[in-house]
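One structure is given here, and the rest of the page talks about it.
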Amino acid sequence: MSERPGGAATDQAAVDPPAPVDALRGPGADALPPAPHLLVTGGAGFIGSCFVRQILARGDGTRITVLDKLTYAGDRANLAPVEADPTQAARFRFVRGDIADPTVVDPLVGDVDAVVNFAAESHVDRSILGPEAFLRTGVIGVHVLLEACRREAERAAAGTRPGPRRRLRRAPRFLQVSTDEVYGSVPVGHSHEDDRLDPRSPYAAAKAAGELLVRSYVVTYGLDAVITRGSNTYGPYQHPEKLIPLFITNALDGQPLPLYGDGLQRRDWLHVTDHAGAIEHVLHHGASGETYNIPGAAERANRDVVAALLARLGKPWSLVRRVEDRPGHDRRYAMDGSKLAGLGWRNRVSFEEGLAATVDWFRANEQWWRSIRTGDWDSYYERQYGARLAHGLPAADIASGPGPNEGR
Ligand code: NAD
Ligand code: TDX
């Protein structure tokens with residue numbers, strides 16, 4: 001985002017209410033008060049629940065309220081470690097509800113120092129089958145959250161926003177969790193934060209629309225907001241619809257692995273603990289109005305990821321089927337991470353150790369993924385893969401020849 005918060009606030013100062021104090025904080029300072037109260041929307045999903053588990057396990061006084069609709073992708077079991085620990089549970093609250101419902105959102109935002117929005121429909125293939133839910137959560141839902149933050153910023157500016165211990169609360173900071181997919185397919189080089197947005201799936205378009213709304217609230221209302229764009233994330237508790245957990249769980253069951261097209265599409269893999277950690281870092285240290293890429297530094301062709309996970313499982317490549325490609329399939333994502341590095345963040349988990357641990361986690365947590373591969377799973381699987389697998393081909397030709405990365 002090229003607008004700097006100071007510039008936007010100055011242009012608007014004559015006509016707008018006073019800028020919230022948060023917008024005036026200098027770079028490097030912690031944007032949140034000590035022991036903040038966070039509203040984490042979508043906190044029962046894959047990355048959001050990791051963010052919640054990681055922060056509460058640290059026991060630094062942070063309180064968290066999770067607001068989650070519990071769609072097919074949300075699972076309270078992802079928060080079980082928090083709820084089972086009395087010390088963590090005392091600083092945690094779960095509310096089931098929709099971010100697009102202001103009657104639920106407004107009172108929750110009234111009581112927090114920051115809103116971290118993970119809530120989204122997150123699977124590209126499902127957005128191709130049915131885009132509407134993506135727009136409702138990704139556009140209307142984001143708008144409802146932003147409106148609530150705007151009202152709270154006005155209360156803070158008027159000195160009528162009560163906080164703990166009879167002190168006034170600052171305006172809430174808003175963090176929108178976005179994705180590398182907003183850049184579209186990147187044949188060469190690495191995307192920088194100011195590059196043009198070129199979303200190519202309904203999922204990516206909804207995420208780009210959400211970002212643009214956030215940006216408009218920063219410019220127009222002086223809202224204190226930051227955006228992160230994370231790359232392909234993997235790790236424990238990921239829904240088995242996504243590439244890595246789908247292929248691990250299918251392989252454990254001896255089922256075919258549906259590899260789209262030639263398997264040479266490239267993704268940059270980011271471990272979920274690093275993604276959650278980077279989001280928390282930007283929440284505290286990001287400059288208002290700015291966007292930060294969160295790359296993984298592990299660019300791999302899909303076929304090489306599949307070969308690596310099969311090797312860890314001790315399963316044969318013959319399970320892989322070459323199936324009809326995803327329509328509009330983005331060939332490659334790759335982001336530049338120097339802006340985030342400049343903020344002092346470094347990833348900690350290498351792809352090799354992260355993938356091995358993820359494979360082992362799925363092997364050890366069969367009950368978790370089996371309970372998710374129920375309900376609408378079979379009908380989704382049939383719609384997405386039935387015809388593809390019926391016409392699928394052996395993938396021996398894709399496996400042969402030296403790949404750009406090892407792992408076979
Ligand atoms: P996920 O599908 O595992 O979790 C999404 C969560 O949001 C679920 O718990 C779901 O119940 C909840 N939710 C959905 N609609 C809601 C609504 N209207 N109101 C309240 N809750 C709702 O997704 P994830 O993989 O954890 O992704 C989290 C965020 O990170 C998303 O915004 C996604 O776009 C973004 N992201 C994901 C990746 C990735 O590789 N998984 C990479 C970059 C960015
Ligand atoms: O069955 C499959 N076969 C296959 O070849 C699936 C599910 C995927 N793929 C390919 C498509 C992609 O090239 O694997 C790659 C990864 O696919 P996904 O796991 O569906 O992820 P992707 O589409 O890259 O999007 C992910 O990263 C960005 C997340 O799902 C998004 O939420 C995130 O924003």
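In the structure tokens, chains take the letters A, B, ... in the order shown, each chain's residues start at 1, and ligands count up from 1 in the order shown.
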Find the residues around Thr358 (chain A) up to 8 Å (only C-alpha atoms counted), leave out those fewer than 5 positions away in its own chain, and share them as a list in words.
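Result of the neighbour search: Tyr234, Gly235 and Pro236 of chain A.
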Written file, previous selection with C-alpha atoms, as a PDB file, in the first residue's frame:
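Written output follows (out-v5.pdb):
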```pdb
ATOM      1  CA  TYR A 234       1.007 -25.961   6.066  1.00  0.00           C
ATOM      2  CA  GLY A 235       1.201 -27.745   9.410  1.00  0.00           C
ATOM      3  CA  PRO A 236      -0.904 -29.491  12.083  1.00  0.00           C
TER       4      PRO A 236
END
```
Long-range neighbours of region 254-270 of chain A as a PyMOL selection string, 9 Å cut-off, only C-alpha atoms, 6 positions minimum in chain:
chain A and resi 230-235+243+246-248+294-304+306+315+318-326+329-335+347+349-351+354+385+388-389+392+395+398
Would you export the selected residues with N, CA and C atoms as a tab-separated table (two decimals), in the first residue's frame, please?
```
chain	number	residue	atom	x	y	z
A	230	GLY	N	0.13	-13.68	3.51
A	230	GLY	CA	0.89	-14.88	3.77
A	230	GLY	C	0.94	-15.80	2.56
A	231	SER	N	1.99	-16.60	2.48
A	231	SER	CA	2.07	-17.55	1.38
A	231	SER	C	1.50	-18.91	1.82
A	232	ASN	N	1.56	-19.89	0.94
A	232	ASN	CA	0.95	-21.21	1.20
A	232	ASN	C	1.40	-21.77	2.53
A	233	THR	N	0.45	-22.04	3.38
A	233	THR	CA	0.75	-22.41	4.75
A	233	THR	C	0.42	-23.89	4.96
A	234	TYR	N	1.21	-24.53	5.80
A	234	TYR	CA	1.01	-25.96	6.07
A	234	TYR	C	1.36	-26.23	7.52
A	235	GLY	N	0.88	-27.37	8.04
A	235	GLY	CA	1.20	-27.74	9.41
A	235	GLY	C	0.05	-28.49	10.05
A	243	LEU	N	-3.79	-29.23	-0.30
A	243	LEU	CA	-2.87	-30.19	-0.93
A	243	LEU	C	-2.15	-31.11	0.06
A	246	LEU	N	-4.45	-33.27	2.37
A	246	LEU	CA	-5.25	-34.19	1.55
A	246	LEU	C	-4.39	-35.37	1.10
A	247	PHE	N	-3.18	-35.04	0.63
A	247	PHE	CA	-2.34	-36.11	0.10
A	247	PHE	C	-1.81	-37.00	1.22
A	248	ILE	N	-1.52	-36.43	2.39
A	248	ILE	CA	-1.06	-37.28	3.51
A	248	ILE	C	-2.18	-38.24	3.91
A	294	ILE	N	4.34	-12.12	3.81
A	294	ILE	CA	4.94	-13.14	4.70
A	294	ILE	C	5.30	-14.35	3.84
A	295	PRO	N	6.49	-14.35	3.23
A	295	PRO	CA	6.88	-15.49	2.40
A	295	PRO	C	7.40	-16.63	3.26
A	296	GLY	N	7.64	-17.78	2.59
A	296	GLY	CA	8.11	-18.93	3.34
A	296	GLY	C	9.56	-19.30	3.06
A	297	ALA	N	10.13	-18.78	1.97
A	297	ALA	CA	11.50	-19.12	1.55
A	297	ALA	C	11.64	-20.61	1.26
A	298	ALA	N	10.60	-21.26	0.76
A	298	ALA	CA	10.68	-22.69	0.41
A	298	ALA	C	9.84	-22.92	-0.85
A	299	GLU	N	10.30	-22.32	-1.96
A	299	GLU	CA	9.55	-22.49	-3.20
A	299	GLU	C	9.79	-23.89	-3.75
A	300	ARG	N	8.70	-24.60	-4.03
A	300	ARG	CA	8.79	-25.97	-4.52
A	300	ARG	C	7.73	-26.21	-5.60
A	301	ALA	N	8.05	-27.08	-6.57
A	301	ALA	CA	7.01	-27.57	-7.49
A	301	ALA	C	6.13	-28.56	-6.74
A	302	ASN	N	4.83	-28.56	-7.07
A	302	ASN	CA	3.90	-29.46	-6.36
A	302	ASN	C	4.38	-30.91	-6.37
A	303	ARG	N	4.88	-31.37	-7.51
A	303	ARG	CA	5.28	-32.78	-7.58
A	303	ARG	C	6.41	-33.09	-6.59
A	304	ASP	N	7.24	-32.09	-6.31
A	304	ASP	CA	8.34	-32.32	-5.37
A	304	ASP	C	7.85	-32.35	-3.92
A	306	VAL	N	4.88	-33.44	-3.12
A	306	VAL	CA	4.21	-34.74	-3.02
A	306	VAL	C	5.24	-35.86	-2.84
A	315	LYS	N	5.38	-44.35	1.38
A	315	LYS	CA	4.34	-44.77	0.43
A	315	LYS	C	4.84	-44.55	-1.00
A	318	SER	N	3.30	-44.48	-7.04
A	318	SER	CA	2.21	-45.03	-7.88
A	318	SER	C	0.83	-44.63	-7.35
A	319	LEU	N	0.73	-44.11	-6.14
A	319	LEU	CA	-0.56	-43.61	-5.65
A	319	LEU	C	-0.99	-42.33	-6.38
A	320	VAL	N	-0.03	-41.62	-6.99
A	320	VAL	CA	-0.33	-40.32	-7.60
A	320	VAL	C	-1.05	-40.50	-8.92
A	321	ARG	N	-2.14	-39.73	-9.10
A	321	ARG	CA	-2.87	-39.71	-10.37
A	321	ARG	C	-2.77	-38.32	-10.97
A	322	ARG	N	-2.50	-38.28	-12.25
A	322	ARG	CA	-2.48	-37.00	-12.95
A	322	ARG	C	-3.91	-36.71	-13.38
A	323	VAL	N	-4.54	-35.64	-12.85
A	323	VAL	CA	-5.95	-35.37	-13.14
A	323	VAL	C	-6.12	-34.01	-13.78
A	324	GLU	N	-7.35	-33.79	-14.30
A	324	GLU	CA	-7.68	-32.53	-14.97
A	324	GLU	C	-7.32	-31.35	-14.08
A	325	ASP	N	-6.77	-30.32	-14.68
A	325	ASP	CA	-6.25	-29.17	-13.93
A	325	ASP	C	-7.38	-28.33	-13.33
A	326	ARG	N	-7.03	-27.54	-12.35
A	326	ARG	CA	-7.94	-26.52	-11.77
A	326	ARG	C	-8.11	-25.42	-12.81
A	329	HIS	N	-5.77	-22.07	-13.00
A	329	HIS	CA	-4.76	-22.44	-12.01
A	329	HIS	C	-3.54	-21.52	-12.07
A	330	ASP	N	-3.27	-20.82	-10.97
A	330	ASP	CA	-2.08	-19.96	-10.93
A	330	ASP	C	-0.83	-20.83	-10.93
A	331	ARG	N	0.08	-20.49	-11.84
A	331	ARG	CA	1.26	-21.34	-12.04
A	331	ARG	C	2.27	-21.19	-10.90
A	332	ARG	N	2.42	-19.97	-10.42
A	332	ARG	CA	3.48	-19.74	-9.42
A	332	ARG	C	3.13	-18.55	-8.53
A	333	TYR	N	3.40	-18.70	-7.24
A	333	TYR	CA	3.40	-17.56	-6.31
A	333	TYR	C	4.79	-17.44	-5.72
A	334	ALA	N	5.25	-16.22	-5.57
A	334	ALA	CA	6.54	-15.98	-4.89
A	334	ALA	C	6.56	-14.53	-4.44
A	335	MET	N	6.85	-14.31	-3.18
A	335	MET	CA	6.83	-12.94	-2.65
A	335	MET	C	8.19	-12.54	-2.09
A	347	ASN	N	11.55	-16.15	9.93
A	347	ASN	CA	10.93	-17.48	10.08
A	347	ASN	C	11.89	-18.42	10.78
A	349	VAL	N	11.11	-22.19	10.96
A	349	VAL	CA	10.95	-23.60	10.63
A	349	VAL	C	11.33	-23.85	9.16
A	350	SER	N	12.31	-24.72	8.92
A	350	SER	CA	12.67	-25.06	7.54
A	350	SER	C	11.59	-25.97	6.96
A	351	PHE	N	11.47	-25.98	5.62
A	351	PHE	CA	10.43	-26.80	5.01
A	351	PHE	C	10.65	-28.28	5.29
A	354	GLY	N	9.67	-28.99	8.89
A	354	GLY	CA	8.24	-28.71	9.06
A	354	GLY	C	7.38	-29.75	8.38
A	385	TYR	N	-13.57	-34.38	-7.19
A	385	TYR	CA	-12.60	-35.36	-7.69
A	385	TYR	C	-13.19	-36.56	-8.42
A	388	ARG	N	-12.65	-36.37	-12.13
A	388	ARG	CA	-11.19	-36.23	-12.33
A	388	ARG	C	-10.49	-37.58	-12.14
A	389	LEU	N	-10.85	-38.25	-11.04
A	389	LEU	CA	-10.16	-39.52	-10.76
A	389	LEU	C	-10.59	-40.61	-11.73
A	392	GLY	N	-8.44	-40.04	-14.50
A	392	GLY	CA	-7.04	-39.78	-14.14
A	392	GLY	C	-6.09	-40.79	-14.77
A	395	ALA	N	0.91	-41.23	-13.00
A	395	ALA	CA	1.72	-40.00	-13.07
A	395	ALA	C	3.21	-40.31	-13.13
A	398	ILE	N	5.47	-37.74	-14.69
A	398	ILE	CA	5.76	-36.51	-13.95
A	398	ILE	C	6.86	-36.74	-12.93
```
Would you please work out which residue, of A:Asp113, A:Glu132, A:Glu241, A:Asp194, is nearest to ligand 2 when using only C-alpha atoms and all ligand atoms?
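Answer, going by the shortest atom-to-atom distance: A:Glu241.
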Near ligand 1, 7 Å: chain A residue rows, closest pairs, only C-alpha atoms and all ligand atoms, as CSV:
```
residue,atom,partner,partner_atom_place_in_ligand_line,distance
A:Thr41,CA,ligand 1,21 (N),5.9
A:Gly42,CA,ligand 1,7 (O),3.5
A:Gly43,CA,ligand 1,9 (O),5.7
A:Ala44,CA,ligand 1,9 (O),4.0
A:Gly45,CA,ligand 1,9 (O),3.3
A:Phe46,CA,ligand 1,26 (O),3.6
A:Ile47,CA,ligand 1,26 (O),3.8
A:Gly48,CA,ligand 1,26 (O),5.4
A:Leu67,CA,ligand 1,20 (C),6.0
A:Asp68,CA,ligand 1,21 (N),3.7
A:Lys69,CA,ligand 1,21 (N),4.0
A:Leu70,CA,ligand 1,11 (O),3.6
A:Thr71,CA,ligand 1,11 (O),4.0
A:Tyr72,CA,ligand 1,11 (O),6.5
A:Ala73,CA,ligand 1,2 (O),4.8
A:Gly74,CA,ligand 1,9 (O),3.1
A:Asp75,CA,ligand 1,9 (O),6.2
A:Gly97,CA,ligand 1,20 (C),5.8
A:Asp98,CA,ligand 1,19 (N),3.5
A:Ile99,CA,ligand 1,19 (N),4.0
A:Ala100,CA,ligand 1,18 (N),5.7
A:Asn117,CA,ligand 1,32 (O),6.9
A:Phe118,CA,ligand 1,29 (C),4.2
A:Ala119,CA,ligand 1,7 (O),3.6
A:Ala120,CA,ligand 1,14 (C),4.4
A:Glu121,CA,ligand 1,14 (C),5.2
A:Ser122,CA,ligand 1,2 (O),4.6
A:His123,CA,ligand 1,2 (O),6.8
A:Thr137,CA,ligand 1,18 (N),4.5
A:Gly141,CA,ligand 1,18 (N),6.1
A:Val177,CA,ligand 1,32 (O),5.2
A:Ser178,CA,ligand 1,44 (C),4.9
A:Thr179,CA,ligand 1,44 (C),4.0
A:Asp180,CA,ligand 1,43 (C),6.4
A:Lys207,CA,ligand 1,34 (O),6.6
A:Arg229,CA,ligand 1,43 (C),6.2
A:Gly230,CA,ligand 1,43 (C),4.1
A:Ser231,CA,ligand 1,42 (C),4.9
A:Asn232,CA,ligand 1,40 (O),3.8
A:Thr233,CA,ligand 1,40 (O),3.7
A:Tyr234,CA,ligand 1,40 (O),6.5
A:Gln238,CA,ligand 1,3 (O),6.2
A:His239,CA,ligand 1,3 (O),5.9
```
Please determine, counting only C-alpha atoms, which residue among A:Ala357, A:Ala278, A:Leu175, A:Cys149 has the shortest atom-to-atom distance to Lys339 (chain A).
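Residue with the minimum atom-to-atom distance to Lys339 (chain A): A:Ala278.
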With only C-alpha atoms and all ligand atoms as the basis for distance, which of A:Ala77, A:Val219, A:Ile244, A:Ile128 is at the shortest distance from ligand 2?
A:Ile244
So that I can see what lies close to Phe174 (chain A), please list as a list in words the residues with an atom at most 6 Å from it, counting only C-alpha atoms and leaving out residues fewer than 3 positions away in the same chain.
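Once the nearby chain positions are removed, what remains is Ala114, Val115 and Ala225 of chain A.
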Write out as a PyMOL selection string all residues of region 147-284 of chain A that DSSP puts in strand (DSSP E) for this structure's backbone.
chain A and resi 173-179+225-230+233-234+257-260+266-268+270-271
File dump, residues just selected, N, CA and C atoms, as a CSV table (one decimal), in the first residue's frame:
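Okay, this is what ended up in selection-v2.csv:
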```
chain,number,residue,atom,x,y,z
A,173,ARG,N,-6.9,-1.6,16.9
A,173,ARG,CA,-6.1,-1.8,15.7
A,173,ARG,C,-6.8,-2.9,15.0
A,174,PHE,N,-6.8,-2.9,13.6
A,174,PHE,CA,-7.4,-3.9,12.8
A,174,PHE,C,-6.3,-4.6,12.0
A,175,LEU,N,-6.2,-5.9,12.0
A,175,LEU,CA,-5.3,-6.6,11.1
A,175,LEU,C,-6.1,-7.5,10.2
A,176,GLN,N,-5.9,-7.4,8.9
A,176,GLN,CA,-6.6,-8.2,7.9
A,176,GLN,C,-5.6,-9.2,7.4
A,177,VAL,N,-5.9,-10.5,7.6
A,177,VAL,CA,-5.0,-11.6,7.2
A,177,VAL,C,-5.4,-11.9,5.7
A,178,SER,N,-4.4,-11.5,4.8
A,178,SER,CA,-4.7,-11.8,3.4
A,178,SER,C,-3.6,-12.7,2.8
A,179,THR,N,-3.5,-12.8,1.5
A,179,THR,CA,-2.8,-13.9,0.9
A,179,THR,C,-2.0,-13.4,-0.3
A,225,ALA,N,-4.9,0.3,10.8
A,225,ALA,CA,-5.1,-1.0,10.2
A,225,ALA,C,-3.8,-1.5,9.5
A,226,VAL,N,-3.6,-2.7,9.6
A,226,VAL,CA,-2.4,-3.3,8.8
A,226,VAL,C,-2.9,-4.6,8.1
A,227,ILE,N,-2.2,-4.9,7.0
A,227,ILE,CA,-2.6,-6.1,6.2
A,227,ILE,C,-1.4,-7.0,6.1
A,228,THR,N,-1.6,-8.3,6.2
A,228,THR,CA,-0.5,-9.3,5.9
A,228,THR,C,-0.9,-10.1,4.7
A,229,ARG,N,0.1,-10.5,3.9
A,229,ARG,CA,-0.2,-11.4,2.8
A,229,ARG,C,0.7,-12.6,3.0
A,230,GLY,N,0.1,-13.7,3.5
A,230,GLY,CA,0.9,-14.9,3.8
A,230,GLY,C,0.9,-15.8,2.6
A,233,THR,N,0.4,-22.0,3.4
A,233,THR,CA,0.7,-22.4,4.8
A,233,THR,C,0.4,-23.9,5.0
A,234,TYR,N,1.2,-24.5,5.8
A,234,TYR,CA,1.0,-26.0,6.1
A,234,TYR,C,1.4,-26.2,7.5
A,257,LEU,N,-3.9,-40.0,-5.1
A,257,LEU,CA,-3.6,-38.6,-4.9
A,257,LEU,C,-3.8,-37.8,-6.2
A,258,PRO,N,-4.8,-37.0,-6.2
A,258,PRO,CA,-5.1,-36.3,-7.5
A,258,PRO,C,-4.3,-35.0,-7.7
A,259,LEU,N,-3.2,-35.2,-8.5
A,259,LEU,CA,-2.3,-34.1,-8.8
A,259,LEU,C,-2.8,-33.3,-10.0
A,260,TYR,N,-3.1,-32.0,-9.9
A,260,TYR,CA,-3.6,-31.3,-11.0
A,260,TYR,C,-2.6,-31.0,-12.1
A,266,ARG,N,4.2,-24.0,-8.9
A,266,ARG,CA,5.1,-23.7,-7.8
A,266,ARG,C,4.5,-22.9,-6.7
A,267,ARG,N,4.7,-23.3,-5.5
A,267,ARG,CA,4.2,-22.5,-4.3
A,267,ARG,C,5.4,-22.4,-3.3
A,268,ASP,N,5.3,-21.3,-2.5
A,268,ASP,CA,6.3,-21.1,-1.5
A,268,ASP,C,5.7,-21.4,-0.1
A,270,LEU,N,5.1,-22.1,3.8
A,270,LEU,CA,5.3,-21.3,5.1
A,270,LEU,C,4.7,-22.2,6.2
A,271,HIS,N,5.5,-22.5,7.2
A,271,HIS,CA,5.0,-23.3,8.3
A,271,HIS,C,4.0,-22.4,9.2
```
In terms of the shortest atom-to-atom distance over only C-alpha atoms and all ligand atoms, which of A:Gly342, A:Pro240, A:Gly289, A:Pro107 is closest to ligand 2?
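Looking at the shortest contact to ligand 2, the residue is A:Pro240.
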What is the CA of Pro131 (chain A) to CA of Pro202 (chain A) distance in Å?
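CA of Pro202 (chain A) lies at a distance of 5.9 Å from CA of Pro131 (chain A).
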